[in-house]
Amino acid sequence: MKALLRLSVMALLGMLTTACSLLEVKLESGIEPLPQEQLNMRVFSRDFSSSFYSKVEQTADKIALLHKDEADAIFIHSNSLMWKIYSEQALQRTIFQASPVAAMVDTWALTAQMTEFYETGAGKALFGSEQALAVEVSRALQVQFEDTIKGFVKPGEFDKNKAFIEQYVEKNPLTEMTFSRHSAFNDWLTFRGINEFEAVTTFGSVPEVMSDISDRMAMIAEQMPKILGWKAELYALHSNINAAEIQDTLANISDTSAKFRELMAQSPEMMQALAVDMRRELSPLLQQLSESTDDKLAQLSVERQALELMIKNERLALEEMVSRERVAAAANLDEISKHTVEVVFQELTKTLKSLILYFVLFLIVVFFAPLGLGVWLGKRMESKRSVKQAKTS
């Protein structure tokens, strides 16, 4: 018995293991992984983000430092902060899309738009004499990303995509430092004649999706503190708050308080007289305020009573209406019941008449028809017998 029990347990464990394996295979088989080309595209595109962040930040800080002692220092410093904030936020939106192809196209379009914005577009005069640095870095980032794309697509495909990027930038230039823009992926699908329902066939297997989410969270955790710090610096730069002025104001308040306490200690009679005068001047005002408050409370009480009376009347009217409708409904119910009974009895009478008629017909068919048939047959046989006897005789 022990051996049989042990064998049964082992067989059960084997069946459970097989079932788990089948379940795992079934779950994984329903998910299509990303092609290797798109996986590489995602990895190298996100590696580009680190280069983008570092180059933009270094260049923006350099521009702000070079204009530190000039008349337009605040203007240049503000623009450098906004460049870092909004360009990096825009890159996060483009490069962390679910589809690697969409991320590639949109990031390429963003770098080209940024180059056009600082070189010939609306932002060509944002950095004064150091505008060339912003143009140089933007173009370098665009070239770097294009060199990355060349490793994933064929030369003919690269030329088609580049033609689309040039056309897209011409139709959708950046107009402000906030980098407000719409995704280029849908326009790219239209340009290439690809159905939007066939553009993205899979988001990858479960490990690939989890890796994508992990990359997003890591990038957010790394960039968010820096972006918040730049926004705080930009706010402080354009506010009228000055640390030195705040310190001077606090010192003046402290000196005034000390002098007031000293005055109170040296002239108690004067402070007592001041208190008496203030009480005499404020007493009429307080009395008037009290009377006004009493009037308002009395008026509120009257209005509350009127509201209660109105609610009571409305409730009585509602109860009367409900009672009236109930009586009417009961009367209608009696009429409906009476009519129903009449109709039922009429139909029952018709049914009984039909049943009686059918019963009579049944009796005729069952009893009288055989009897009449027998009588007719008897007479016929008797008639034949009589004819035969007559012939014989």
# chains A, B, ... in the order shown; residues from 1 in each chain; ligands from 1
$ residues_around --residues "Phe52 (chain A)" --least-positions-apart "3" --cutoff "10 Å" --atoms "only C-alpha atoms" --output "ChimeraX atom specification"
/A:46-49,55-57,87-88,91,111,137-138,140-142,144-145
$ write_last_selection --atoms "C-alpha atoms" --output "short mmCIF file (atom, residue, chain, number, x, y, z; two decimals), in the first residue's frame"
data_model
loop_
_atom_site.label_atom_id
_atom_site.label_comp_id
_atom_site.auth_asym_id
_atom_site.auth_seq_id
_atom_site.Cartn_x
_atom_site.Cartn_y
_atom_site.Cartn_z
CA ARG A 46 17.71 54.92 -26.31
CA ASP A 47 21.48 55.03 -26.13
CA PHE A 48 21.19 58.15 -28.26
CA SER A 49 19.10 59.79 -25.53
CA LYS A 55 25.30 67.58 -25.31
CA VAL A 56 22.26 69.83 -24.86
CA GLU A 57 22.98 70.40 -21.18
CA SER A 87 13.95 69.54 -25.56
CA GLU A 88 14.53 66.72 -23.07
CA LEU A 91 12.76 63.59 -26.53
CA THR A 111 16.26 66.42 -34.17
CA VAL A 137 25.07 70.88 -31.46
CA SER A 138 21.58 70.43 -32.96
CA ALA A 140 25.55 67.17 -34.75
CA LEU A 141 22.78 65.35 -32.89
CA GLN A 142 20.74 65.03 -36.09
CA GLN A 144 24.51 61.24 -35.13
CA PHE A 145 20.99 59.86 -35.14
#
$ closest_residue --among "A:Leu234, A:Met219, A:Ile194, A:Leu65" --to "Asn79 (chain A)" --atoms "only C-alpha atoms"
A:Leu234
$ atom_distance --atom1 "CA of Thr349 (chain A)" --atom2 "CA of Ala369 (chain A)"
28.5 Å
$ atom_distance --atom1 "CA of Thr190 (chain A)" --atom2 "CA of Glu166 (chain A)"
15.0 Å
$ select_by_dssp --residues "region 95-127 of chain A" --states "helix (DSSP H, G or I)" --output "list of chain:residue names"
A:Ile95, A:Pro100, A:Val101, A:Ala102, A:Ala103, A:Met104, A:Val105, A:Asp106, A:Thr107, A:Trp108, A:Ala109, A:Leu110, A:Thr111, A:Ala112, A:Gln113, A:Met114, A:Thr115, A:Glu116, A:Phe117, A:Tyr118, A:Glu119
$ residues_around --residues "Ala109 (chain A)" --least-positions-apart "4" --cutoff "10 Å" --atoms "only C-alpha atoms" --output "PyMOL selection string"
chain A and resi 94+103-105+113-115+142+162+164-166+168-169+172+183-185
$ atom_distance --atom1 "CA of Gln131 (chain A)" --atom2 "CA of Ser45 (chain A)"
26.9 Å
$ residues_around --residues "Gln97 (chain A)" --least-positions-apart "4" --cutoff "10 Å" --atoms "only C-alpha atoms" --output "ChimeraX atom specification"
/A:42,92-93,101-104,106-107,212,216
$ decode --residues "region 356-390 of chain A" --atoms "N, CA, C and O atoms" --output "JSON list (two decimals), in the first residue's frame"
[["chain", "number", "residue", "atom", "x", "y", "z"],
["A", 356, "ILE", "N", -69.52, 21.68, -27.07],
["A", 356, "ILE", "CA", -70.78, 20.94, -27.14],
["A", 356, "ILE", "C", -71.06, 20.50, -28.57],
["A", 356, "ILE", "O", -71.47, 19.35, -28.84],
["A", 357, "LEU", "N", -70.83, 21.41, -29.53],
["A", 357, "LEU", "CA", -71.05, 21.07, -30.94],
["A", 357, "LEU", "C", -70.15, 19.92, -31.37],
["A", 357, "LEU", "O", -70.60, 18.95, -32.00],
["A", 358, "TYR", "N", -68.88, 20.03, -30.99],
["A", 358, "TYR", "CA", -67.95, 18.94, -31.34],
["A", 358, "TYR", "C", -68.35, 17.64, -30.66],
["A", 358, "TYR", "O", -68.18, 16.53, -31.22],
["A", 359, "PHE", "N", -68.89, 17.70, -29.43],
["A", 359, "PHE", "CA", -69.27, 16.49, -28.71],
["A", 359, "PHE", "C", -70.46, 15.82, -29.41],
["A", 359, "PHE", "O", -70.51, 14.59, -29.56],
["A", 360, "VAL", "N", -71.44, 16.65, -29.83],
["A", 360, "VAL", "CA", -72.61, 16.09, -30.55],
["A", 360, "VAL", "C", -72.16, 15.43, -31.85],
["A", 360, "VAL", "O", -72.60, 14.33, -32.21],
["A", 361, "LEU", "N", -71.27, 16.14, -32.56],
["A", 361, "LEU", "CA", -70.76, 15.55, -33.80],
["A", 361, "LEU", "C", -70.03, 14.25, -33.53],
["A", 361, "LEU", "O", -70.13, 13.27, -34.29],
["A", 362, "PHE", "N", -69.33, 14.21, -32.42],
["A", 362, "PHE", "CA", -68.60, 13.00, -32.05],
["A", 362, "PHE", "C", -69.57, 11.84, -31.79],
["A", 362, "PHE", "O", -69.36, 10.70, -32.22],
["A", 363, "LEU", "N", -70.67, 12.14, -31.03],
["A", 363, "LEU", "CA", -71.65, 11.10, -30.76],
["A", 363, "LEU", "C", -72.29, 10.61, -32.05],
["A", 363, "LEU", "O", -72.53, 9.40, -32.22],
["A", 364, "ILE", "N", -72.61, 11.54, -32.94],
["A", 364, "ILE", "CA", -73.22, 11.14, -34.21],
["A", 364, "ILE", "C", -72.30, 10.23, -34.99],
["A", 364, "ILE", "O", -72.71, 9.20, -35.54],
["A", 365, "VAL", "N", -71.04, 10.61, -35.02],
["A", 365, "VAL", "CA", -70.08, 9.83, -35.81],
["A", 365, "VAL", "C", -69.84, 8.47, -35.17],
["A", 365, "VAL", "O", -69.77, 7.44, -35.85],
["A", 366, "VAL", "N", -69.74, 8.46, -33.83],
["A", 366, "VAL", "CA", -69.35, 7.20, -33.17],
["A", 366, "VAL", "C", -70.53, 6.24, -33.03],
["A", 366, "VAL", "O", -70.38, 5.03, -33.24],
["A", 367, "PHE", "N", -71.71, 6.77, -32.69],
["A", 367, "PHE", "CA", -72.83, 5.88, -32.39],
["A", 367, "PHE", "C", -73.84, 5.77, -33.54],
["A", 367, "PHE", "O", -74.21, 4.67, -33.96],
["A", 368, "PHE", "N", -74.35, 6.89, -34.01],
["A", 368, "PHE", "CA", -75.44, 6.87, -34.98],
["A", 368, "PHE", "C", -74.96, 6.54, -36.39],
["A", 368, "PHE", "O", -75.69, 5.90, -37.16],
["A", 369, "ALA", "N", -73.77, 6.90, -36.75],
["A", 369, "ALA", "CA", -73.29, 6.58, -38.09],
["A", 369, "ALA", "C", -73.16, 5.07, -38.28],
["A", 369, "ALA", "O", -73.64, 4.51, -39.28],
["A", 370, "PRO", "N", -72.55, 4.31, -37.36],
["A", 370, "PRO", "CA", -72.48, 2.85, -37.55],
["A", 370, "PRO", "C", -73.87, 2.20, -37.56],
["A", 370, "PRO", "O", -74.14, 1.26, -38.33],
["A", 371, "LEU", "N", -74.79, 2.74, -36.68],
["A", 371, "LEU", "CA", -76.13, 2.17, -36.63],
["A", 371, "LEU", "C", -76.86, 2.39, -37.96],
["A", 371, "LEU", "O", -77.49, 1.47, -38.53],
["A", 372, "GLY", "N", -76.80, 3.59, -38.48],
["A", 372, "GLY", "CA", -77.46, 3.88, -39.76],
["A", 372, "GLY", "C", -76.85, 3.07, -40.89],
["A", 372, "GLY", "O", -77.56, 2.56, -41.78],
["A", 373, "LEU", "N", -75.50, 2.93, -40.85],
["A", 373, "LEU", "CA", -74.83, 2.15, -41.88],
["A", 373, "LEU", "C", -75.26, 0.69, -41.81],
["A", 373, "LEU", "O", -75.48, 0.03, -42.84],
["A", 374, "GLY", "N", -75.43, 0.17, -40.58],
["A", 374, "GLY", "CA", -75.87, -1.24, -40.44],
["A", 374, "GLY", "C", -77.28, -1.45, -40.95],
["A", 374, "GLY", "O", -77.59, -2.47, -41.61],
["A", 375, "VAL", "N", -78.17, -0.49, -40.60],
["A", 375, "VAL", "CA", -79.54, -0.60, -41.08],
["A", 375, "VAL", "C", -79.57, -0.57, -42.59],
["A", 375, "VAL", "O", -80.29, -1.36, -43.25],
["A", 376, "TRP", "N", -78.79, 0.33, -43.19],
["A", 376, "TRP", "CA", -78.79, 0.45, -44.66],
["A", 376, "TRP", "C", -78.26, -0.82, -45.31],
["A", 376, "TRP", "O", -78.79, -1.33, -46.28],
["A", 377, "LEU", "N", -77.19, -1.37, -44.70],
["A", 377, "LEU", "CA", -76.64, -2.61, -45.24],
["A", 377, "LEU", "C", -77.61, -3.77, -45.07],
["A", 377, "LEU", "O", -77.74, -4.65, -45.96],
["A", 378, "GLY", "N", -78.33, -3.80, -43.92],
["A", 378, "GLY", "CA", -79.32, -4.89, -43.72],
["A", 378, "GLY", "C", -80.43, -4.81, -44.74],
["A", 378, "GLY", "O", -80.87, -5.86, -45.29],
["A", 379, "LYS", "N", -80.94, -3.62, -44.95],
["A", 379, "LYS", "CA", -81.99, -3.47, -45.95],
["A", 379, "LYS", "C", -81.50, -3.87, -47.32],
["A", 379, "LYS", "O", -82.23, -4.51, -48.10],
["A", 380, "ARG", "N", -80.27, -3.51, -47.65],
["A", 380, "ARG", "CA", -79.73, -3.83, -48.98],
["A", 380, "ARG", "C", -79.58, -5.34, -49.15],
["A", 380, "ARG", "O", -79.93, -5.91, -50.18],
["A", 381, "MET", "N", -79.10, -5.97, -48.06],
["A", 381, "MET", "CA", -78.95, -7.43, -48.15],
["A", 381, "MET", "C", -80.31, -8.11, -48.24],
["A", 381, "MET", "O", -80.50, -9.10, -48.97],
["A", 382, "GLU", "N", -81.28, -7.62, -47.49],
["A", 382, "GLU", "CA", -82.63, -8.20, -47.54],
["A", 382, "GLU", "C", -83.23, -8.03, -48.93],
["A", 382, "GLU", "O", -83.90, -8.94, -49.46],
["A", 383, "SER", "N", -82.99, -6.89, -49.55],
["A", 383, "SER", "CA", -83.51, -6.65, -50.88],
["A", 383, "SER", "C", -82.89, -7.60, -51.89],
["A", 383, "SER", "O", -83.59, -8.18, -52.75],
["A", 384, "LYS", "N", -81.60, -7.83, -51.78],
["A", 384, "LYS", "CA", -80.93, -8.76, -52.70],
["A", 384, "LYS", "C", -81.44, -10.18, -52.50],
["A", 384, "LYS", "O", -81.61, -10.96, -53.44],
["A", 385, "ARG", "N", -81.65, -10.55, -51.21],
["A", 385, "ARG", "CA", -82.13, -11.89, -50.92],
["A", 385, "ARG", "C", -83.54, -12.09, -51.54],
["A", 385, "ARG", "O", -83.88, -13.15, -52.10],
["A", 386, "SER", "N", -84.37, -11.07, -51.44],
["A", 386, "SER", "CA", -85.75, -11.17, -51.98],
["A", 386, "SER", "C", -85.70, -11.33, -53.49],
["A", 386, "SER", "O", -86.47, -12.12, -54.07],
["A", 387, "VAL", "N", -84.83, -10.58, -54.14],
["A", 387, "VAL", "CA", -84.72, -10.67, -55.60],
["A", 387, "VAL", "C", -84.25, -12.05, -56.03],
["A", 387, "VAL", "O", -84.75, -12.65, -56.99],
["A", 388, "LYS", "N", -83.31, -12.59, -55.26],
["A", 388, "LYS", "CA", -82.76, -13.90, -55.62],
["A", 388, "LYS", "C", -83.84, -14.97, -55.44],
["A", 388, "LYS", "O", -83.95, -15.90, -56.25],
["A", 389, "GLN", "N", -84.66, -14.92, -54.38],
["A", 389, "GLN", "CA", -85.69, -15.91, -54.15],
["A", 389, "GLN", "C", -86.74, -15.80, -55.27],
["A", 389, "GLN", "O", -87.31, -16.83, -55.71],
["A", 390, "ALA", "N", -87.02, -14.62, -55.67],
["A", 390, "ALA", "CA", -88.02, -14.46, -56.71],
["A", 390, "ALA", "C", -87.57, -15.10, -58.03],
["A", 390, "ALA", "O", -88.36, -15.72, -58.76]]
